Amino acid sequence: MNTPPAAQGADRPLPAEDRHLGTITGQSVAHESARAHITGEAQYVDDIALLEGSLHAAPVMSPVAHGHLRGIDASAALALPGVIAVVTAADVPGDGCFATPAHDEPILATGQVLHVGQVVALVVATSHRLALRAARLVTCDITPLPAILSIEDAMAQQAYVLPPVRLQRGDAQAAIDASPCTLAGEFRIGGQEHFYLEGQIAYAIGQEQQGWVVHVSSQHPGEIQHWIAHALALPQHAVQVQCRRMGGGFGGKETQAGHVAVWAALAAHKTGHPVKMRLDRDDDIMITGKRHNYLYRYTVGFEPDGLLNGLQLMMASQCGFSADLSGPVNDRSVFHADNAYYLAHVDIESLRCRTNTQSNTAFRGFGGPQGVIAIETILGDIAHTLGLDPLDVRQRNLYGEAPRNVTHYGMELEDNIAPQLIAQLARDSDYRARRESVAAWNAAHPLLKRGLAITPVKFGISFTATQFNQAGALVSVYTDGSVLVNHGGTEMGQGLHTKVCQVVADELGVPLARVRISASDTARVPNASATAASAGTDLNGRAAQAAARTVRERLASFVAGRDGVQPDAVRLAGGQVHSPSGVRRFEDVVREAYAARVQLWSDGFYRTPKIHYDKQTLSGRPFYYFAYGAACVEVALDVLTGESRVMAVDILHDVGRSINPAIDIGQIEGAFVQGMGWLTTEELVWNERGLLTTHAPSTYKIPTSGDVPEHFTVALWPEANPESNLFGSKAVGEPPFMLGIAVYEAIREAVASVDGVRVSVAPCTPAVLLAALNEPRGRSDD
């Protein structure tokens, strides 16, 4: 697919604060750890050389979904040579619950167990394998109690981790009643395991005077610092948490990494030895939360051309046994239930259901995908009912000019490029002609069907919790001209550190090779927000830029004073300092500035402007801006087996003015494939006892390279971000995940070509599709 022609604003000048960017920023430079990844030099927590006397911890897990915990018997484990201790809730010196806002999750179970896999105790031993073996020997005395294992059961018992939320605009019921066409339906979407390559891990090392250094694989070291201090009854300054990199996160290491870190610290506290805790894959999946699965029920009124009049939508999510991040996750589902479409009259009810299963948590998109897929499914159902092209129905309902430019939560759209972007993708992907070709194919082939769909995304960028939209950074210039950067964000493979280094290099006018980044460290940047909400570069990049700018301005003022010119006449570029009086090497100026006692380091701080949000009314401007995109997907379906395959993908996505096109395109490709997996192969199955049976790669299937079609194109929308964001860029981590919804809609189109069958369940595994294909035909085994 060709890159689209320049759109309005493509030549928009850089914001004033970005005038020094553009030499390195905007280039497809390699990931800062790429070579280390390839050679194996990149160090993860499990690669850190252990100190003398280090021990290993493993979890003892509940085999029961709900019950009274009467006690444990660890005698068999303690009898093994090399087993040092067993840690229980009685060994927690501080608060027995994790330091979450809801205060509803025990560090170690006591009195009752609330899901299969809940950690009851820790076994500490001299090796990892021994700790795992010994943990299996610990028995739990549990009296079973009735368990809630489904959304329907939770709704029937009104069991919620948080109160229901309702958001209304206009009069949905009256609009539906007055509509010439109405439709009601129910569908459900499954959850998703994060399946990060590097599992949950932490290494806790005691220091002098009750101090701690803890190495983690976490998106939120600052929260872990708080949690450990809370559990050990210490001030936060006693706990230093470091994270150089993660082997993937996807939201699963936002809160969930804190559990393992606290457990490692508790084991180290009890034994007096450093303790590493690394969950094996089965235990990791059994213990940690997933993407929330949802049940939807809707009633919608619309015109014969598909234009929406009124919508009533109930979204119920399975939150698990505790609140975790279910509040903001479900709030974002409410915010994104419009996706790119104007909802004049809408009534959304959000239920946060308590079940005796793992406590579900953040996952790429943070509830946004579950909101987006709701309206996309509804519009697909409307198009099918009316016999219209789903793309026409979608385009008819897009946001537009006033008054159709205000979201259901009261935010005015100032940058709605969805209509142009979708139209461009439809032209470039040859959608109309291909749709005719697919129809002809389906008419001629009874056993192998095809489906084609275009779906868009409009995704809000910012933490909905306004206080998290801040960041800090530290930039240090050494006397040899080398530069070290530290900021509060974390690297999980997404390229955040690379982009920040590009920005700092440009701001100081030095080659990229001179800039190095150090581990995220709570002792350097305090109170840092999680690297989440796709805001990592927006926040930390701006903070690092501010720090680098301060150093640059000091150097410019120093040279200006020496040369008798104005500071704005001094320019730093290409590793040199240019002044009307001559050109000097950057490192020479730095040494002279040091000798003159000029400060060569600075901190930087950034807070996102314009945003405000009333949590009680779910109204305001929770997002600084929106990122847009669309995908055109073609699939094939074998009606005899239910197997489906993605045949072609064309994506047009909006990243603003890209800081690093190669990294951004990689993020788009990866997010799409992960979204495709959510809706096709990644099925979570709990049995009647509440046991998650899909807890290993043998039973839980993520997409592989073989699932990626040969035809897979990604083009970047050329327009810069109209908001004053870093380099005119936009966030890229989460928005393209929702482009995978086009796969779901294309599969539904393929299935519908067989006697009008509709699919109302995802993931669309072969079993699900085959059941849908067989049901309307009345087939039986007779």
# chains A, B, ... in the order shown; residues from 1 in each chain; ligands from 1

$ select_by_dssp --residues "stretch 417-572 of chain A" --states "alpha helix (DSSP H)" --output "PyMOL selection string"
chain A and resi 418-428+431-444+496-508+536+542-563

$ residues_around --residues "A:Arg607" --least-positions-apart "5" --cutoff "10 Å" --atoms "only C-alpha atoms" --output "PyMOL selection string"
chain A and resi 466-472+538-540+542-543

$ residues_around --residues "A:Ala772" --least-positions-apart "5" --cutoff "12 Å" --atoms "only C-alpha atoms" --output "list of chain:residue names"
A:Val639, A:Leu640, A:Thr641, A:Gly642, A:Ile747, A:Arg748, A:Ala750, A:Val751, A:Ala752, A:Val754, A:Asp755, A:Gly756, A:Val757, A:Arg758, A:Val759, A:Ser760, A:Val761, A:Ala762, A:Cys764, A:Thr765, A:Pro766, A:Ala767, A:Arg777, A:Gly778, A:Arg779

$ closest_residue --among "A:Tyr342, A:Phe727, A:Tyr160, A:Tyr744" --to "A:His20" --atoms "only C-alpha atoms"
A:Phe727

$ closest_residue --among "A:Asp282, A:Asp91, A:Asp588, A:Asp171" --to "A:Thr694" --atoms "only C-alpha atoms"
A:Asp282

$ residues_around --residues "stretch 143-150 of chain A" --least-positions-apart "2" --cutoff "6 Å" --atoms "only C-alpha atoms" --output "PyMOL selection string"
chain A and resi 66-68+152-153+355-356

$ write_last_selection --atoms "C-alpha atoms" --output "short mmCIF file (atom, residue, chain, number, x, y, z; two decimals), in the first residue's frame"
data_model
loop_
_atom_site.label_atom_id
_atom_site.label_comp_id
_atom_site.auth_asym_id
_atom_site.auth_seq_id
_atom_site.Cartn_x
_atom_site.Cartn_y
_atom_site.Cartn_z
CA HIS A 66 -13.18 -20.68 47.64
CA GLY A 67 -12.93 -21.99 51.15
CA HIS A 68 -11.94 -21.62 54.80
CA GLU A 152 -23.82 -14.62 35.09
CA ASP A 153 -23.49 -16.09 38.58
CA THR A 355 -15.63 -14.12 40.85
CA ASN A 356 -13.46 -16.74 42.55
#

$ residues_around --residues "A:Val216" --least-positions-apart "3" --cutoff "9 Å" --atoms "only C-alpha atoms" --output "PyMOL selection string"
chain A and resi 44-45+200-204+221+224+241-246+257-258+260-261

$ residues_around --residues "A:Met647" --least-positions-apart "4" --cutoff "6 Å" --atoms "only C-alpha atoms" --output "ChimeraX atom specification"
/A:634-635,709

$ closest_residue --among "A:Pro661, A:Leu496, A:Ala548, A:Leu197" --to "A:Pro697" --atoms "only C-alpha atoms"
A:Leu197

$ residues_around --residues "A:Glu208" --least-positions-apart "4" --cutoff "12 Å" --atoms "only C-alpha atoms" --output "list in words"
Trp212, Val213, Ala238, Val239 and Gly272 of chain A

$ atom_distance --atom1 "atom CA of A:Glu775" --atom2 "atom CA of A:Ala316"
26.0 Å

$ closest_residue --among "A:Ala546, A:Ile84, A:Leu512, A:Ala362" --to "A:Gly327" --atoms "only C-alpha atoms"
A:Ala362
